[in-house]
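Asker: Just passing along the structure, written as structure tokens.
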Amino acid sequence: MSGLSANLQIEPAVTQAFAAMDARALHLAISGESIVLEKTLGSLSNDTSSEFDALQTQVSTDEAKFILFNLGSPVNKWLLVAWVPDMAQVRSKMLYSSSKDHVKKTLGLTSFKGDYYANDVADLKWDSYSASLVKVVSLNEREEVLEQEKQDKIADGGGQVTAGAAMGVVPFSLTSEATAQLTKFKSGELHFVSLGLGAECTINVSEGFDASGVNIVGAVGSAPLASKLVQTSPSFVCVRCAGPIAGSTVEVFVYSCPENSPVRTKMSFSTAKSAALSEMKRVGVVFEKNFEITETSEVDDVLKTIVEGEKSGASSAAAEIKHKKPSRPGKGRARQIKKFVPDDP
């Protein structure tokens, strides 16, 4: 079978469309002893993640194919998606699986960022692809506790920490857009920034992010924050709220992880959390409070804890969140993790 795949001829139409770099996706099929171009779809002007999700409606559950997906700026490279569904014929599965390296070598290895194997339509989601870039190691209960203690030390600002060291596996980095928004947050121009995970292990501004109407939380006229958060996926939230002392402010980090989020996405965000914090610290954004919530509606109560909790005592629901004993990682509702202490200047 490997000898047959090496003899497959790639038609000129494939090479031309590949070199043009003006389509989002090229659908290729093996026909006889040739690899042919079935169709080109999508535009580079459209959102990358949306175009990737659209692949779910463009494939057949009983026919294999190759999809060359253009990752666009800033990567400017192709991803080879090997769509090999379980219901495809056995010979077809073997042929496509053994041919993907031949396709990349023929078209030019340096033009590819990598390849991605998919056999279920659920795999053809941008969140699923992004999750595949993160190596997640299963931990038993004791290891989870030790890992949490390690991450707490990192988050506490103990020494110079790089994103790679914080991750221990994959070095996440901020995109230019995320860096620009965090710079505005640091300067006080913005009081709310929402971040998520983007392509190629990056931390980007959440899709649909809108900071309009959010003044210093707790100040007169500020809109409730819950409606501004991503509702069906985790996010890293940076928010500035009024402090318990008149005229003071507090920078707060909230890891929002809604219960209805896909499990693989939750795992990716949990793995990337420490890297996100260290990257924010690198651009000068350091937090005094750190919370985790499992429902977006909890965010306003969490912030009220800071604004009013110390004034009203533990009688309010918000204050109760603040004084609640933290549970083991991954359990419970909103919890304060630990106060961050910035490095000495």
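Scheme for the structure tokens: letters A, B, ... for chains in order shown; per-chain residue numbers from 1; ligand numbers from 1 in order shown.
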Could you list, as an MDAnalysis selection string, every residue within 10 Å of Ser130 (chain A), counting only C-alpha atoms and ignoring same-chain residues fewer than 2 positions away?
Answerer: chainID A and resid 49 125:128 132:134 197:202 264:265 268
Asker: Could you write out the selected residues, including N, CA, C and O atoms, as a PDB file, in the first residue's frame?
Answerer:
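The resulting part21.pdb:
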ATOM      1  N   SER A  49     -11.955  30.203  12.488  1.00  0.00           N
ATOM      2  CA  SER A  49     -12.634  29.160  13.261  1.00  0.00           C
ATOM      3  C   SER A  49     -13.997  28.811  12.657  1.00  0.00           C
ATOM      4  O   SER A  49     -14.388  27.644  12.623  1.00  0.00           O
ATOM      5  N   LYS A 125     -14.296  20.587  14.374  1.00  0.00           N
ATOM      6  CA  LYS A 125     -14.613  21.848  15.049  1.00  0.00           C
ATOM      7  C   LYS A 125     -13.302  22.493  15.459  1.00  0.00           C
ATOM      8  O   LYS A 125     -12.344  21.813  15.839  1.00  0.00           O
ATOM      9  N   TRP A 126     -13.265  23.805  15.380  1.00  0.00           N
ATOM     10  CA  TRP A 126     -12.023  24.518  15.696  1.00  0.00           C
ATOM     11  C   TRP A 126     -11.582  24.244  17.138  1.00  0.00           C
ATOM     12  O   TRP A 126     -10.390  24.098  17.409  1.00  0.00           O
ATOM     13  N   ASP A 127     -12.556  24.140  18.053  1.00  0.00           N
ATOM     14  CA  ASP A 127     -12.217  23.840  19.446  1.00  0.00           C
ATOM     15  C   ASP A 127     -11.539  22.481  19.566  1.00  0.00           C
ATOM     16  O   ASP A 127     -10.610  22.307  20.358  1.00  0.00           O
ATOM     17  N   SER A 128     -12.001  21.508  18.799  1.00  0.00           N
ATOM     18  CA  SER A 128     -11.416  20.169  18.841  1.00  0.00           C
ATOM     19  C   SER A 128      -9.997  20.175  18.292  1.00  0.00           C
ATOM     20  O   SER A 128      -9.088  19.540  18.848  1.00  0.00           O
ATOM     21  N   SER A 132      -6.414  19.543  20.360  1.00  0.00           N
ATOM     22  CA  SER A 132      -5.452  18.507  19.973  1.00  0.00           C
ATOM     23  C   SER A 132      -4.016  19.007  20.046  1.00  0.00           C
ATOM     24  O   SER A 132      -3.079  18.205  20.071  1.00  0.00           O
ATOM     25  N   LEU A 133      -3.841  20.333  20.088  1.00  0.00           N
ATOM     26  CA  LEU A 133      -2.496  20.895  20.156  1.00  0.00           C
ATOM     27  C   LEU A 133      -1.930  20.873  21.563  1.00  0.00           C
ATOM     28  O   LEU A 133      -0.747  21.104  21.768  1.00  0.00           O
ATOM     29  N   VAL A 134      -2.803  20.615  22.539  1.00  0.00           N
ATOM     30  CA  VAL A 134      -2.390  20.654  23.938  1.00  0.00           C
ATOM     31  C   VAL A 134      -2.280  19.243  24.477  1.00  0.00           C
ATOM     32  O   VAL A 134      -3.212  18.449  24.393  1.00  0.00           O
ATOM     33  N   LEU A 197      -8.628  30.945  23.742  1.00  0.00           N
ATOM     34  CA  LEU A 197      -7.533  30.273  23.058  1.00  0.00           C
ATOM     35  C   LEU A 197      -7.745  30.345  21.551  1.00  0.00           C
ATOM     36  O   LEU A 197      -8.835  30.076  21.050  1.00  0.00           O
ATOM     37  N   GLY A 198      -6.676  30.706  20.846  1.00  0.00           N
ATOM     38  CA  GLY A 198      -6.748  30.822  19.398  1.00  0.00           C
ATOM     39  C   GLY A 198      -5.931  29.746  18.712  1.00  0.00           C
ATOM     40  O   GLY A 198      -5.565  28.729  19.314  1.00  0.00           O
ATOM     41  N   ALA A 199      -5.609  29.998  17.448  1.00  0.00           N
ATOM     42  CA  ALA A 199      -4.859  29.020  16.660  1.00  0.00           C
ATOM     43  C   ALA A 199      -3.408  28.949  17.109  1.00  0.00           C
ATOM     44  O   ALA A 199      -2.846  29.927  17.623  1.00  0.00           O
ATOM     45  N   GLU A 200      -2.811  27.791  16.899  1.00  0.00           N
ATOM     46  CA  GLU A 200      -1.384  27.584  17.118  1.00  0.00           C
ATOM     47  C   GLU A 200      -0.935  27.981  18.523  1.00  0.00           C
ATOM     48  O   GLU A 200       0.057  28.665  18.719  1.00  0.00           O
ATOM     49  N   CYS A 201      -1.698  27.542  19.523  1.00  0.00           N
ATOM     50  CA  CYS A 201      -1.330  27.764  20.934  1.00  0.00           C
ATOM     51  C   CYS A 201      -1.184  29.248  21.259  1.00  0.00           C
ATOM     52  O   CYS A 201      -0.202  29.675  21.878  1.00  0.00           O
ATOM     53  N   THR A 202      -2.142  30.042  20.838  1.00  0.00           N
ATOM     54  CA  THR A 202      -2.129  31.461  21.149  1.00  0.00           C
ATOM     55  C   THR A 202      -3.282  31.803  22.089  1.00  0.00           C
ATOM     56  O   THR A 202      -4.271  31.079  22.178  1.00  0.00           O
ATOM     57  N   ARG A 264     -13.302  18.733  26.238  1.00  0.00           N
ATOM     58  CA  ARG A 264     -11.942  18.935  25.719  1.00  0.00           C
ATOM     59  C   ARG A 264     -11.537  20.399  25.774  1.00  0.00           C
ATOM     60  O   ARG A 264     -10.373  20.731  25.991  1.00  0.00           O
ATOM     61  N   THR A 265     -12.509  21.293  25.594  1.00  0.00           N
ATOM     62  CA  THR A 265     -12.205  22.718  25.674  1.00  0.00           C
ATOM     63  C   THR A 265     -11.863  23.110  27.106  1.00  0.00           C
ATOM     64  O   THR A 265     -10.932  23.884  27.348  1.00  0.00           O
ATOM     65  N   SER A 268      -8.331  22.126  27.799  1.00  0.00           N
ATOM     66  CA  SER A 268      -7.368  23.018  27.150  1.00  0.00           C
ATOM     67  C   SER A 268      -7.190  24.301  27.952  1.00  0.00           C
ATOM     68  O   SER A 268      -6.066  24.768  28.184  1.00  0.00           O
TER      69      SER A 268
END
Asker: So which residues touch Asn119 (chain A) within 8 Å, counting only C-alpha atoms, skipping near sequence neighbours fewer than 5 positions away, as number ranges by chain?
Answerer: A: 83-86
Asker: Output the selection as an mmCIF file, in the first residue's frame - N, CA and C atoms for each residue.
Answerer:
data_model
loop_
_atom_site.group_PDB
_atom_site.id
_atom_site.type_symbol
_atom_site.label_atom_id
_atom_site.label_comp_id
_atom_site.auth_asym_id
_atom_site.auth_seq_id
_atom_site.Cartn_x
_atom_site.Cartn_y
_atom_site.Cartn_z
ATOM 1 N N TRP A 83 -9.543 13.323 6.505
ATOM 2 C CA TRP A 83 -10.903 12.934 6.908
ATOM 3 C C TRP A 83 -11.093 11.460 6.530
ATOM 4 N N VAL A 84 -11.064 10.583 7.545
ATOM 5 C CA VAL A 84 -11.162 9.138 7.319
ATOM 6 C C VAL A 84 -12.262 8.592 8.237
ATOM 7 N N PRO A 85 -13.531 8.703 7.829
ATOM 8 C CA PRO A 85 -14.640 8.283 8.687
ATOM 9 C C PRO A 85 -14.663 6.772 8.896
ATOM 10 N N ASP A 86 -15.248 6.351 9.992
ATOM 11 C CA ASP A 86 -15.302 4.927 10.336
ATOM 12 C C ASP A 86 -16.045 4.107 9.287
#
Asker: Which residues are close to Lys39 (chain A), i.e. within 8 Å by only C-alpha atoms, leaving aside same-chain residues fewer than 4 positions away? Reply as a PyMOL selection string.
Answerer: chain A and resi 26-28
Asker: Excluding same-chain residues fewer than 3 positions from Arg91 (chain A), what lies within 12 Å of it counting only C-alpha atoms, as a list of chain:residue names?
Answerer: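 Residues near the query, excluding close chain neighbours: A:Met1, A:Leu4, A:Ser5, A:Ile30, A:Glu63, A:Ala64, A:Val84, A:Asp86, A:Met87, A:Ala88, A:Met94, A:Leu95, A:Tyr96, A:Ser97, A:Ser98.
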Asker: Output N, CA and C atoms for every residue in that selection, as a PDB file, in the first residue's frame.
Answerer:
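Output below, filename out00.pdb:
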ATOM      1  N   MET A   1       0.832  -1.213   0.000  1.00  0.00           N
ATOM      2  CA  MET A   1       0.000   0.000   0.000  1.00  0.00           C
ATOM      3  C   MET A   1       0.863   1.258   0.000  1.00  0.00           C
ATOM      4  N   LEU A   4       2.023   2.037  -3.489  1.00  0.00           N
ATOM      5  CA  LEU A   4       0.952   2.607  -4.306  1.00  0.00           C
ATOM      6  C   LEU A   4       0.780   4.088  -4.014  1.00  0.00           C
ATOM      7  N   SER A   5       0.810   4.460  -2.732  1.00  0.00           N
ATOM      8  CA  SER A   5       0.627   5.868  -2.370  1.00  0.00           C
ATOM      9  C   SER A   5       1.744   6.731  -2.928  1.00  0.00           C
ATOM     10  N   ILE A  30      -8.746  10.871  -3.886  1.00  0.00           N
ATOM     11  CA  ILE A  30      -7.938   9.923  -4.643  1.00  0.00           C
ATOM     12  C   ILE A  30      -8.851   9.273  -5.678  1.00  0.00           C
ATOM     13  N   GLU A  63     -17.149   8.463   2.988  1.00  0.00           N
ATOM     14  CA  GLU A  63     -16.082   8.667   2.009  1.00  0.00           C
ATOM     15  C   GLU A  63     -14.936   9.465   2.616  1.00  0.00           C
ATOM     16  N   ALA A  64     -13.730   8.945   2.465  1.00  0.00           N
ATOM     17  CA  ALA A  64     -12.541   9.636   2.969  1.00  0.00           C
ATOM     18  C   ALA A  64     -12.113  10.722   1.975  1.00  0.00           C
ATOM     19  N   VAL A  84     -11.064  10.583   7.545  1.00  0.00           N
ATOM     20  CA  VAL A  84     -11.162   9.138   7.319  1.00  0.00           C
ATOM     21  C   VAL A  84     -12.262   8.592   8.237  1.00  0.00           C
ATOM     22  N   ASP A  86     -15.248   6.351   9.992  1.00  0.00           N
ATOM     23  CA  ASP A  86     -15.302   4.927  10.336  1.00  0.00           C
ATOM     24  C   ASP A  86     -16.045   4.107   9.287  1.00  0.00           C
ATOM     25  N   MET A  87     -17.016   4.718   8.602  1.00  0.00           N
ATOM     26  CA  MET A  87     -17.839   3.979   7.643  1.00  0.00           C
ATOM     27  C   MET A  87     -17.213   3.891   6.254  1.00  0.00           C
ATOM     28  N   ALA A  88     -16.049   4.507   6.059  1.00  0.00           N
ATOM     29  CA  ALA A  88     -15.385   4.415   4.760  1.00  0.00           C
ATOM     30  C   ALA A  88     -14.882   2.988   4.534  1.00  0.00           C
ATOM     31  N   MET A  94      -7.012   2.814   4.373  1.00  0.00           N
ATOM     32  CA  MET A  94      -5.582   2.508   4.325  1.00  0.00           C
ATOM     33  C   MET A  94      -4.865   3.401   3.327  1.00  0.00           C
ATOM     34  N   LEU A  95      -5.502   3.618   2.177  1.00  0.00           N
ATOM     35  CA  LEU A  95      -4.878   4.419   1.132  1.00  0.00           C
ATOM     36  C   LEU A  95      -4.707   5.876   1.558  1.00  0.00           C
ATOM     37  N   TYR A  96      -5.746   6.461   2.138  1.00  0.00           N
ATOM     38  CA  TYR A  96      -5.654   7.852   2.571  1.00  0.00           C
ATOM     39  C   TYR A  96      -4.661   8.002   3.731  1.00  0.00           C
ATOM     40  N   SER A  97      -4.697   7.044   4.644  1.00  0.00           N
ATOM     41  CA  SER A  97      -3.788   7.133   5.791  1.00  0.00           C
ATOM     42  C   SER A  97      -2.326   7.037   5.358  1.00  0.00           C
ATOM     43  N   SER A  98      -2.060   6.230   4.349  1.00  0.00           N
ATOM     44  CA  SER A  98      -0.677   6.046   3.911  1.00  0.00           C
ATOM     45  C   SER A  98      -0.223   7.104   2.906  1.00  0.00           C
TER      46      SER A  98
END
Asker: Tyr255 (chain A): which residues within 8 Å, counting only C-alpha atoms, same-chain residues fewer than 5 positions away excluded, as a PyMOL selection string?
Answerer: chain A and resi 234-237+273+290-293
Asker: Which of these residues is nearest to Cys257 (chain A), using only C-alpha atoms: A:Gln9, A:Ile245, A:Thr179, A:Glu295?
Answerer: A:Glu295
Asker: Any idea what's packed within 12 Å of Gln231 (chain A), counting only C-alpha atoms, ignoring anything in its chain fewer than 3 positions away? Could you give it as a list of chain:residue names?
Answerer: A:Ser194, A:Ser206, A:Glu207, A:Gly208, A:Phe209, A:Leu225, A:Ala226, A:Ser227, A:Lys228, A:Pro234, A:Ser235, A:Ser256, A:Cys257, A:Pro258, A:Glu259, A:Asn260, A:Ser261, A:Pro262, A:Ile293, A:Thr294, A:Glu295, A:Thr296, A:Ser297, A:Glu298, A:Val299
Asker: To one decimal place, how far is CA of Pro74 (chain A) from CA of Ser176 (chain A) in Å?
Answerer: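 A separation of 10.1 Å between them.
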Asker: I need the residues in region 9-254 of chain A that are helix (DSSP H, G or I) according to DSSP; give them as number ranges by chain.
Answerer: A: 12-20, 48-57, 90-107, 109-111, 121-123, 126-132, 141-155, 163-167, 176-187, 226-228
Asker: Deliver the residues from the most recent selection as a file, using C-alpha atoms, as a PDB file, in the first residue's frame.
Answerer:
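Below is the file that was written, result-v1.pdb:
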ATOM      1  CA  PRO A  12      -1.796  20.323 -11.786  1.00  0.00           C
ATOM      2  CA  ALA A  13      -5.080  21.848 -10.616  1.00  0.00           C
ATOM      3  CA  VAL A  14      -4.181  20.863  -7.046  1.00  0.00           C
ATOM      4  CA  THR A  15      -0.715  22.415  -7.279  1.00  0.00           C
ATOM      5  CA  GLN A  16      -2.094  25.625  -8.797  1.00  0.00           C
ATOM      6  CA  ALA A  17      -4.805  26.079  -6.146  1.00  0.00           C
ATOM      7  CA  PHE A  18      -2.287  25.260  -3.430  1.00  0.00           C
ATOM      8  CA  ALA A  19       0.170  27.885  -4.667  1.00  0.00           C
ATOM      9  CA  ALA A  20      -2.530  30.537  -5.143  1.00  0.00           C
ATOM     10  CA  THR A  48     -10.786  31.057  10.523  1.00  0.00           C
ATOM     11  CA  SER A  49     -12.634  29.160  13.261  1.00  0.00           C
ATOM     12  CA  SER A  50     -16.028  29.558  11.538  1.00  0.00           C
ATOM     13  CA  GLU A  51     -14.635  28.320   8.235  1.00  0.00           C
ATOM     14  CA  PHE A  52     -13.111  25.302  10.000  1.00  0.00           C
ATOM     15  CA  ASP A  53     -16.420  24.502  11.735  1.00  0.00           C
ATOM     16  CA  ALA A  54     -18.129  24.664   8.336  1.00  0.00           C
ATOM     17  CA  LEU A  55     -16.156  21.582   7.264  1.00  0.00           C
ATOM     18  CA  GLN A  56     -18.660  19.508   9.240  1.00  0.00           C
ATOM     19  CA  THR A  57     -21.293  20.070   6.550  1.00  0.00           C
ATOM     20  CA  VAL A  90     -11.196  -0.417   4.564  1.00  0.00           C
ATOM     21  CA  ARG A  91      -9.029  -0.070   1.456  1.00  0.00           C
ATOM     22  CA  SER A  92      -9.905   3.614   1.220  1.00  0.00           C
ATOM     23  CA  LYS A  93      -8.950   4.163   4.868  1.00  0.00           C
ATOM     24  CA  MET A  94      -5.582   2.508   4.325  1.00  0.00           C
ATOM     25  CA  LEU A  95      -4.878   4.419   1.132  1.00  0.00           C
ATOM     26  CA  TYR A  96      -5.654   7.852   2.571  1.00  0.00           C
ATOM     27  CA  SER A  97      -3.788   7.133   5.791  1.00  0.00           C
ATOM     28  CA  SER A  98      -0.677   6.046   3.911  1.00  0.00           C
ATOM     29  CA  SER A  99      -0.815   8.929   1.392  1.00  0.00           C
ATOM     30  CA  LYS A 100      -0.840  12.021   3.592  1.00  0.00           C
ATOM     31  CA  ASP A 101       2.945  12.210   3.939  1.00  0.00           C
ATOM     32  CA  HIS A 102       3.285  11.801   0.173  1.00  0.00           C
ATOM     33  CA  VAL A 103       0.929  14.765  -0.371  1.00  0.00           C
ATOM     34  CA  LYS A 104       2.886  17.003   2.011  1.00  0.00           C
ATOM     35  CA  LYS A 105       6.252  16.047   0.537  1.00  0.00           C
ATOM     36  CA  THR A 106       5.073  16.601  -3.027  1.00  0.00           C
ATOM     37  CA  LEU A 107       3.527  20.006  -2.323  1.00  0.00           C
ATOM     38  CA  LEU A 109       6.763  20.182   3.667  1.00  0.00           C
ATOM     39  CA  THR A 110       7.624  23.752   4.678  1.00  0.00           C
ATOM     40  CA  SER A 111       4.215  24.928   3.457  1.00  0.00           C
ATOM     41  CA  VAL A 121     -17.809  15.205  12.431  1.00  0.00           C
ATOM     42  CA  ALA A 122     -17.293  16.368  16.035  1.00  0.00           C
ATOM     43  CA  ASP A 123     -13.560  16.401  15.261  1.00  0.00           C
ATOM     44  CA  TRP A 126     -12.023  24.518  15.696  1.00  0.00           C
ATOM     45  CA  ASP A 127     -12.217  23.840  19.446  1.00  0.00           C
ATOM     46  CA  SER A 128     -11.416  20.169  18.841  1.00  0.00           C
ATOM     47  CA  TYR A 129      -8.443  21.002  16.630  1.00  0.00           C
ATOM     48  CA  SER A 130      -7.143  23.550  19.165  1.00  0.00           C
ATOM     49  CA  ALA A 131      -7.524  21.010  21.948  1.00  0.00           C
ATOM     50  CA  SER A 132      -5.452  18.507  19.973  1.00  0.00           C
ATOM     51  CA  GLU A 141      -6.158  12.931  43.073  1.00  0.00           C
ATOM     52  CA  ARG A 142      -2.840  13.327  44.915  1.00  0.00           C
ATOM     53  CA  GLU A 143      -1.068  14.463  41.761  1.00  0.00           C
ATOM     54  CA  GLU A 144      -3.840  17.017  41.137  1.00  0.00           C
ATOM     55  CA  VAL A 145      -3.229  18.559  44.564  1.00  0.00           C
ATOM     56  CA  LEU A 146       0.544  18.692  44.021  1.00  0.00           C
ATOM     57  CA  GLU A 147       0.054  20.200  40.571  1.00  0.00           C
ATOM     58  CA  GLN A 148      -2.305  22.840  41.961  1.00  0.00           C
ATOM     59  CA  GLU A 149       0.264  23.786  44.619  1.00  0.00           C
ATOM     60  CA  LYS A 150       2.888  24.122  41.898  1.00  0.00           C
ATOM     61  CA  GLN A 151       0.620  26.334  39.778  1.00  0.00           C
ATOM     62  CA  ASP A 152      -0.270  28.461  42.828  1.00  0.00           C
ATOM     63  CA  LYS A 153       3.416  29.162  43.414  1.00  0.00           C
ATOM     64  CA  ILE A 154       3.813  30.148  39.788  1.00  0.00           C
ATOM     65  CA  ALA A 155       0.724  32.377  39.956  1.00  0.00           C
ATOM     66  CA  ALA A 163       5.020  30.950  29.543  1.00  0.00           C
ATOM     67  CA  GLY A 164       6.894  27.782  28.647  1.00  0.00           C
ATOM     68  CA  ALA A 165       7.849  27.116  32.264  1.00  0.00           C
ATOM     69  CA  ALA A 166       4.312  27.756  33.444  1.00  0.00           C
ATOM     70  CA  MET A 167       2.863  25.345  30.924  1.00  0.00           C
ATOM     71  CA  SER A 176      -0.885  41.177  19.035  1.00  0.00           C
ATOM     72  CA  GLU A 177      -4.598  41.944  19.459  1.00  0.00           C
ATOM     73  CA  ALA A 178      -4.648  40.463  22.968  1.00  0.00           C
ATOM     74  CA  THR A 179      -1.482  42.361  23.898  1.00  0.00           C
ATOM     75  CA  ALA A 180      -3.043  45.618  22.679  1.00  0.00           C
ATOM     76  CA  GLN A 181      -6.192  45.091  24.753  1.00  0.00           C
ATOM     77  CA  LEU A 182      -4.194  44.180  27.869  1.00  0.00           C
ATOM     78  CA  THR A 183      -2.051  47.299  27.397  1.00  0.00           C
ATOM     79  CA  LYS A 184      -5.251  49.365  27.414  1.00  0.00           C
ATOM     80  CA  PHE A 185      -6.383  47.502  30.530  1.00  0.00           C
ATOM     81  CA  LYS A 186      -3.071  48.233  32.257  1.00  0.00           C
ATOM     82  CA  SER A 187      -3.263  51.942  31.411  1.00  0.00           C
ATOM     83  CA  ALA A 226     -22.317  38.565  33.345  1.00  0.00           C
ATOM     84  CA  SER A 227     -23.977  39.430  30.031  1.00  0.00           C
ATOM     85  CA  LYS A 228     -20.576  40.321  28.564  1.00  0.00           C
TER      86      LYS A 228
END
Asker: Hey, which of A:Leu124, A:Met21, A:Val36, A:Met280 ends up closest to Val59 (chain A)? Count only C-alpha atoms.
Answerer: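 Of all the options, A:Leu124 lies closest to Val59 (chain A).
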Asker: Which residues in region 7-96 of chain A does DSSP call strand (DSSP E)? List them as a ChimeraX atom specification.
Answerer: /A:9-10,25-31,34-41,65-70,78-83
Asker: Take the residues from that selection and put them in a file with C-alpha atoms, as an mmCIF file, in the first residue's frame.
Answerer:
data_model
loop_
_atom_site.group_PDB
_atom_site.id
_atom_site.type_symbol
_atom_site.label_atom_id
_atom_site.label_comp_id
_atom_site.auth_asym_id
_atom_site.auth_seq_id
_atom_site.Cartn_x
_atom_site.Cartn_y
_atom_site.Cartn_z
ATOM 1 C CA GLN A 9 0.117 11.655 -9.195
ATOM 2 C CA ILE A 10 -1.043 15.046 -7.940
ATOM 3 C CA ALA A 25 -9.973 24.964 1.963
ATOM 4 C CA LEU A 26 -9.040 22.617 -0.877
ATOM 5 C CA HIS A 27 -10.923 19.310 -0.972
ATOM 6 C CA LEU A 28 -8.833 16.529 -2.518
ATOM 7 C CA ALA A 29 -9.811 12.984 -3.442
ATOM 8 C CA ILE A 30 -7.938 9.923 -4.643
ATOM 9 C CA SER A 31 -9.292 8.894 -8.048
ATOM 10 C CA SER A 34 -4.249 10.430 -9.054
ATOM 11 C CA ILE A 35 -5.040 12.959 -6.364
ATOM 12 C CA VAL A 36 -7.580 15.359 -7.813
ATOM 13 C CA LEU A 37 -9.062 18.681 -6.754
ATOM 14 C CA GLU A 38 -12.759 18.221 -5.939
ATOM 15 C CA LYS A 39 -13.544 21.793 -4.952
ATOM 16 C CA THR A 40 -12.246 24.933 -3.294
ATOM 17 C CA LEU A 41 -14.263 26.553 -0.530
ATOM 18 C CA LYS A 65 -10.788 12.717 1.596
ATOM 19 C CA PHE A 66 -7.984 15.161 2.208
ATOM 20 C CA ILE A 67 -8.791 18.766 3.105
ATOM 21 C CA LEU A 68 -5.997 21.292 2.849
ATOM 22 C CA PHE A 69 -7.069 24.047 5.241
ATOM 23 C CA ASN A 70 -5.462 27.473 4.963
ATOM 24 C CA TRP A 78 -1.673 24.893 5.370
ATOM 25 C CA LEU A 79 -3.067 22.227 7.669
ATOM 26 C CA LEU A 80 -3.618 18.811 6.118
ATOM 27 C CA VAL A 81 -6.867 17.362 7.450
ATOM 28 C CA ALA A 82 -7.172 13.630 6.821
ATOM 29 C CA TRP A 83 -10.903 12.934 6.908
#
Asker: Quick one, how far is CA of Gln58 (chain A) from CA of Val230 (chain A)?
Answerer: 27.3 Å
